[in-house]
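Undergrad: Coordinates in my_file.txt, compact mmCIF, C-alpha atoms, are listed below.
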# COMPACT_ATOMS: atom_id res chain seq x y z
CA MET G 253 0.00 0.00 0.00
CA ASP G 254 1.14 3.54 -0.78
CA LEU G 255 1.10 6.25 1.87
CA LEU G 256 1.63 9.87 0.81
CA ILE G 257 3.42 12.18 3.25
CA ALA G 258 2.42 15.71 2.24
CA THR G 259 5.63 17.62 2.85
CA ARG G 260 8.49 18.91 0.72
CA ASN G 261 10.61 19.79 3.77
CA PRO G 262 13.74 17.57 3.60
CA GLY G 263 14.07 17.50 7.41
CA LYS G 264 10.48 16.35 7.86
CA GLN G 265 10.83 13.80 5.07
CA ARG G 266 13.89 12.30 6.78
CA GLU G 267 12.01 12.07 10.08
CA TYR G 268 8.92 10.49 8.54
CA ARG G 269 11.04 7.84 6.80
CA GLU G 270 12.43 6.86 10.20
CA LEU G 271 9.24 7.28 12.23
CA LEU G 272 7.19 5.14 9.83
CA ARG G 273 9.84 2.58 8.88
CA ASN G 274 7.91 -0.20 10.66
CA VAL G 275 4.58 0.59 8.99
CA ALA G 276 3.75 -1.77 6.13
CA ALA G 277 3.48 0.92 3.47
CA ASN G 278 5.42 2.39 0.58
CA LEU G 279 6.12 5.98 1.68
CA LEU G 280 5.79 8.56 -1.08
CA PHE G 281 6.40 12.32 -1.12
CA PRO G 282 4.78 14.93 -3.40
CA GLU G 283 7.74 15.31 -5.77
CA GLU G 284 7.77 11.56 -6.47
CA LEU G 285 4.20 11.87 -7.78
CA HIS G 286 4.94 15.15 -9.57
CA LEU G 287 2.44 16.89 -7.28
CA ASN G 288 3.10 20.60 -7.04
CA ILE G 289 0.28 21.70 -4.77
CA ASP G 290 0.76 25.10 -3.18
CA VAL G 291 -1.41 24.91 -0.05
CA GLN G 292 -2.10 28.30 1.50
CA GLU G 293 -1.33 27.79 5.19
CA ASP G 294 -3.68 30.56 6.29
CA GLY G 295 -5.59 28.62 8.94
CA LYS G 296 -5.98 29.94 12.46
CA THR G 297 -4.73 26.66 13.99
CA TYR G 298 -2.19 23.96 13.25
CA ALA G 299 -5.12 21.58 12.73
CA GLU G 300 -6.69 23.75 10.02
CA ASN G 301 -3.40 23.96 8.11
CA ALA G 302 -2.65 20.25 8.46
CA ARG G 303 -6.16 19.33 7.35
CA LYS G 304 -5.94 21.54 4.24
CA LYS G 305 -2.63 19.95 3.26
CA ALA G 306 -3.88 16.41 3.88
CA GLU G 307 -7.20 16.87 2.05
CA GLN G 308 -5.73 18.63 -0.99
CA HIS G 309 -2.96 16.05 -1.42
CA GLU G 310 -5.36 13.15 -0.90
CA ALA G 311 -7.78 14.59 -3.47
CA ALA G 312 -4.98 15.04 -6.02
CA SER G 313 -3.36 11.64 -5.49
CA GLY G 314 -6.19 9.35 -4.40
CA LEU G 315 -3.79 7.97 -1.76
CA LEU G 316 -4.05 7.70 1.99
CA THR G 317 -2.29 10.91 3.05
CA VAL G 318 -0.56 12.22 6.16
CA ALA G 319 0.14 15.93 6.68
CA ASP G 320 1.16 17.92 9.69
CA ASP G 321 1.58 21.47 10.83
CA SER G 322 3.88 22.19 13.70
CA GLY G 323 5.51 25.04 15.49
CA LEU G 324 7.49 26.32 18.42
CA GLU G 325 5.52 28.07 21.19
CA VAL G 326 7.55 30.29 23.52
CA ASP G 327 5.70 31.39 26.65
CA ALA G 328 7.67 34.64 27.09
CA LEU G 329 6.61 35.63 23.55
CA GLY G 330 2.93 34.91 24.13
CA GLY G 331 3.13 31.61 22.24
CA ALA G 332 5.07 33.00 19.26
CA PRO G 333 6.39 32.07 16.79
CA GLY G 334 3.65 29.39 16.79
CA LEU G 335 1.88 29.15 13.45
CA ARG G 336 4.49 31.49 11.97
CA SER G 337 7.47 29.34 13.02
CA ALA G 338 8.64 28.76 9.44
CA ARG G 339 8.14 32.45 8.61
CA TYR G 340 9.38 34.05 11.85
CA ALA G 341 12.18 35.83 10.01
CA GLU G 342 13.25 36.09 6.39
CA GLY G 343 16.02 33.81 5.24
CA SER G 344 17.33 30.53 6.58
CA ASP G 345 16.83 28.47 9.74
CA ALA G 346 19.92 30.23 11.13
CA ASP G 347 18.26 33.62 10.55
CA ARG G 348 15.12 32.49 12.40
CA LEU G 349 17.20 31.16 15.30
CA GLU G 350 19.04 34.47 15.54
CA ALA G 351 15.77 36.43 15.49
CA LEU G 352 14.34 34.25 18.27
CA LEU G 353 17.41 34.62 20.47
CA GLN G 354 17.37 38.39 19.92
CA ASP G 355 13.70 38.56 20.91
CA LEU G 356 14.51 36.68 24.13
CA ARG G 357 17.51 38.79 25.14
CA GLY G 358 17.28 39.63 28.82
CA VAL G 359 14.54 37.06 29.52
CA PRO G 360 15.57 35.11 32.65
CA TRP G 361 16.15 31.39 32.36
CA GLU G 362 13.08 30.33 34.34
CA GLU G 363 10.83 32.30 31.96
CA ARG G 364 12.21 30.71 28.77
CA THR G 365 9.77 27.79 28.82
CA ALA G 366 8.59 26.56 25.43
CA ARG G 367 7.17 23.60 23.58
CA PHE G 368 7.15 22.09 20.14
CA ARG G 369 3.63 21.17 19.03
CA CYS G 370 2.69 18.99 16.05
CA VAL G 371 -0.82 18.35 14.76
CA LEU G 372 -1.00 15.49 12.28
CA VAL G 373 -3.99 14.76 10.04
CA VAL G 374 -4.68 11.51 8.20
CA ALA G 375 -6.97 11.83 5.16
CA ALA G 376 -8.49 8.86 3.34
CA GLN G 377 -10.97 8.69 0.47
CA ALA G 378 -13.59 7.16 2.72
CA GLY G 379 -14.41 8.96 5.95
CA ARG G 380 -13.50 12.18 7.65
CA PRO G 381 -9.89 13.22 8.23
CA VAL G 382 -8.58 12.13 11.64
CA GLN G 383 -6.41 14.39 13.79
CA PHE G 384 -3.61 13.58 16.26
CA GLU G 385 -1.31 15.77 18.36
CA GLY G 386 2.14 15.53 19.93
CA VAL G 387 3.87 17.98 22.29
CA CYS G 388 7.44 18.16 23.58
CA GLU G 389 8.19 20.55 26.47
CA GLY G 390 11.50 22.35 26.94
CA MET G 391 13.28 25.68 27.29
CA ILE G 392 14.91 28.09 24.86
CA ALA G 393 18.68 28.02 25.31
CA ARG G 394 20.72 31.23 25.22
CA GLU G 395 22.76 29.99 22.26
CA SER G 396 22.59 27.38 19.52
CA LYS G 397 24.17 24.00 20.23
CA GLY G 398 24.31 20.81 18.20
CA LYS G 399 24.33 19.86 14.54
CA GLY G 400 21.43 17.42 14.38
CA GLY G 401 17.80 17.97 13.48
CA PHE G 402 16.60 21.11 11.74
CA GLY G 403 14.62 24.28 12.38
CA TYR G 404 14.70 25.42 16.01
CA ASP G 405 16.28 22.19 17.34
CA PRO G 406 19.65 23.85 18.20
CA VAL G 407 18.03 26.22 20.72
CA PHE G 408 15.37 23.87 22.12
CA TYR G 409 16.86 22.71 25.43
CA LEU G 410 15.58 19.57 27.14
CA PRO G 411 16.16 19.94 30.92
CA GLY G 412 15.65 16.23 31.57
CA ARG G 413 18.46 15.36 29.15
CA GLY G 414 20.78 18.33 29.69
CA CYS G 415 21.13 19.10 25.98
CA THR G 416 19.35 20.68 23.03
CA MET G 417 17.21 18.70 20.59
CA ALA G 418 20.00 19.15 18.01
CA GLU G 419 22.49 17.41 20.34
CA LEU G 420 20.36 14.26 20.67
CA ALA G 421 21.09 11.11 18.70
CA ARG G 422 18.57 10.81 15.86
CA GLU G 423 17.06 7.67 17.38
CA GLU G 424 16.46 9.46 20.69
CA LYS G 425 14.90 12.49 19.01
CA ASN G 426 12.59 10.16 17.11
CA ARG G 427 11.36 8.75 20.41
CA ILE G 428 10.55 12.00 22.19
CA SER G 429 9.89 14.74 19.63
CA HIS G 430 6.50 16.33 19.06
CA ARG G 431 6.31 14.72 15.62
CA ALA G 432 7.29 11.31 17.01
CA ARG G 433 4.51 11.56 19.60
CA ALA G 434 1.93 12.59 17.00
CA VAL G 435 2.96 9.72 14.71
CA GLU G 436 2.80 7.27 17.61
CA SER G 437 -0.75 8.45 18.40
CA ALA G 438 -1.71 7.96 14.74
CA ARG G 439 0.01 4.59 14.24
CA ALA G 440 -2.96 2.29 15.01
CA THR G 441 -5.30 4.34 12.79
CA LEU G 442 -2.77 4.38 9.95
CA GLU G 443 -2.26 0.63 10.13
CA ARG G 444 -6.02 0.02 10.16
CA LEU G 445 -6.59 2.29 7.16
CA LEU G 446 -3.71 0.74 5.22
CA HIS G 447 -5.05 -2.73 5.97
CA THR G 448 -8.59 -1.92 4.85
CA ALA G 449 -7.67 0.19 1.79
Please lay out the structure from this file as structure tokens.
TA:
Amino acid sequence: MDLLIATRNPGKQREYRELLRNVAANLLFPEELHLNIDVQEDGKTYAENARKKAEQHEAASGLLTVADDSGLEVDALGGAPGLRSARYAEGSDADRLEALLQDLRGVPWEERTARFRCVLVVAAQAGRPVQFEGVCEGMIARESKGKGGFGYDPVFYLPGRGCTMAELAREEKNRISHRARAVESARATLERLLHTA
């Protein structure tokens, strides 16, 4: 059975390949199907954006489809960057990290609490899309550390592990990350839908 993962983000694609390696499905990504769908992520919630991506890719491909929307929520910034995580600053991931650290200058350590949140939607031809969520709590470090992961991982500090998400081994990240938790919540539903498709 084919399973379409509706993302062009290389970091997300790498994670999904690992997170779903034990699911009995042939994982496909939009470029492999020559799908060039430009989904306007203008929803007011992660769920709205994820649902739009899942439904539009499912309609275009006819395949069982997974899509997610995720973001970093920093308490001292009122939950920002949140839905705008990928657009928090112009340029690269490094530019967004720098903007975030600048915006948190002078914020004391105990007030730098944050979380990664991922909302994942599974869309099938029959039935309504199903939604799952994963959250990973942490703090925003004062500087970037680590070479692993992508996005905000180098500044997302995990107090229980004494390191940033980018310093974790890939296998460990794929056990505890927000996306890993959302995928784990969705696993039984995905397997059922793949089995009945």
Undergrad: Rounded to one decimal, what separation in Å do you get between CA of Gln377 (chain G) and CA of Tyr268 (chain G)?
TA: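 Separation of CA of Gln377 (chain G) and CA of Tyr268 (chain G): 21.5 Å.
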Undergrad: For each of G:Leu353, G:Ala418, G:Leu324, G:Ala338, take the minimum atom-to-atom distance to Ala393 (chain G), counting only C-alpha atoms, then give the residue where this is smallest.
TA: G:Leu353
Undergrad: Quick one: residues within 9 Å of Gly401 (chain G), all atoms listed in the file, excluding same-chain residues fewer than 4 positions away - as a PDB file with C-alpha atoms, keeping the file's coordinate frame?
TA:
ATOM      1  CA  GLY G 263      14.070  17.500   7.410  1.00  0.00           C
ATOM      2  CA  GLU G 267      12.010  12.070  10.080  1.00  0.00           C
ATOM      3  CA  ASP G 405      16.280  22.190  17.340  1.00  0.00           C
ATOM      4  CA  PRO G 406      19.650  23.850  18.200  1.00  0.00           C
ATOM      5  CA  MET G 417      17.210  18.700  20.590  1.00  0.00           C
ATOM      6  CA  ALA G 418      20.000  19.150  18.010  1.00  0.00           C
ATOM      7  CA  GLU G 419      22.490  17.410  20.340  1.00  0.00           C
ATOM      8  CA  LEU G 420      20.360  14.260  20.670  1.00  0.00           C
ATOM      9  CA  ARG G 422      18.570  10.810  15.860  1.00  0.00           C
ATOM     10  CA  LYS G 425      14.900  12.490  19.010  1.00  0.00           C
TER      11      LYS G 425
END
Undergrad: Would you compute the distance between CA of Val373 (chain G) and CA of Glu300 (chain G)? Give it in Å to one decimal.
TA: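 Computing it gives 9.4 Å between the two atoms.
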Undergrad: From the set G:His447, G:Lys305, G:Arg413, G:Arg431, which residue has the shortest atom-to-atom contact distance to Arg266 (chain G), counting all atoms listed in the file?
TA: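 Checking each of G:His447, G:Lys305, G:Arg413, G:Arg431 against Arg266 (chain G), counting all atoms listed in the file, the winner is G:Arg431.
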Undergrad: Using all atoms listed in the file, which of G:Glu350, G:Glu284, G:Glu436, G:Glu443 sits nearest Cys370 (chain G)?
TA: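 That would be G:Glu436, the residue with the smallest distance to Cys370 (chain G).
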Undergrad: Please determine an axis-aligned box that encloses all atoms of region 416-423 of chain G listed in the file, with 5 Å added on each side, and express its centre and edge lengths in Å to one decimal as AutoDock Vina command-line options.
TA:
--center_x 19.8 --center_y 14.2 --center_z 19.4 --size_x 15.4 --size_y 23.0 --size_z 17.2
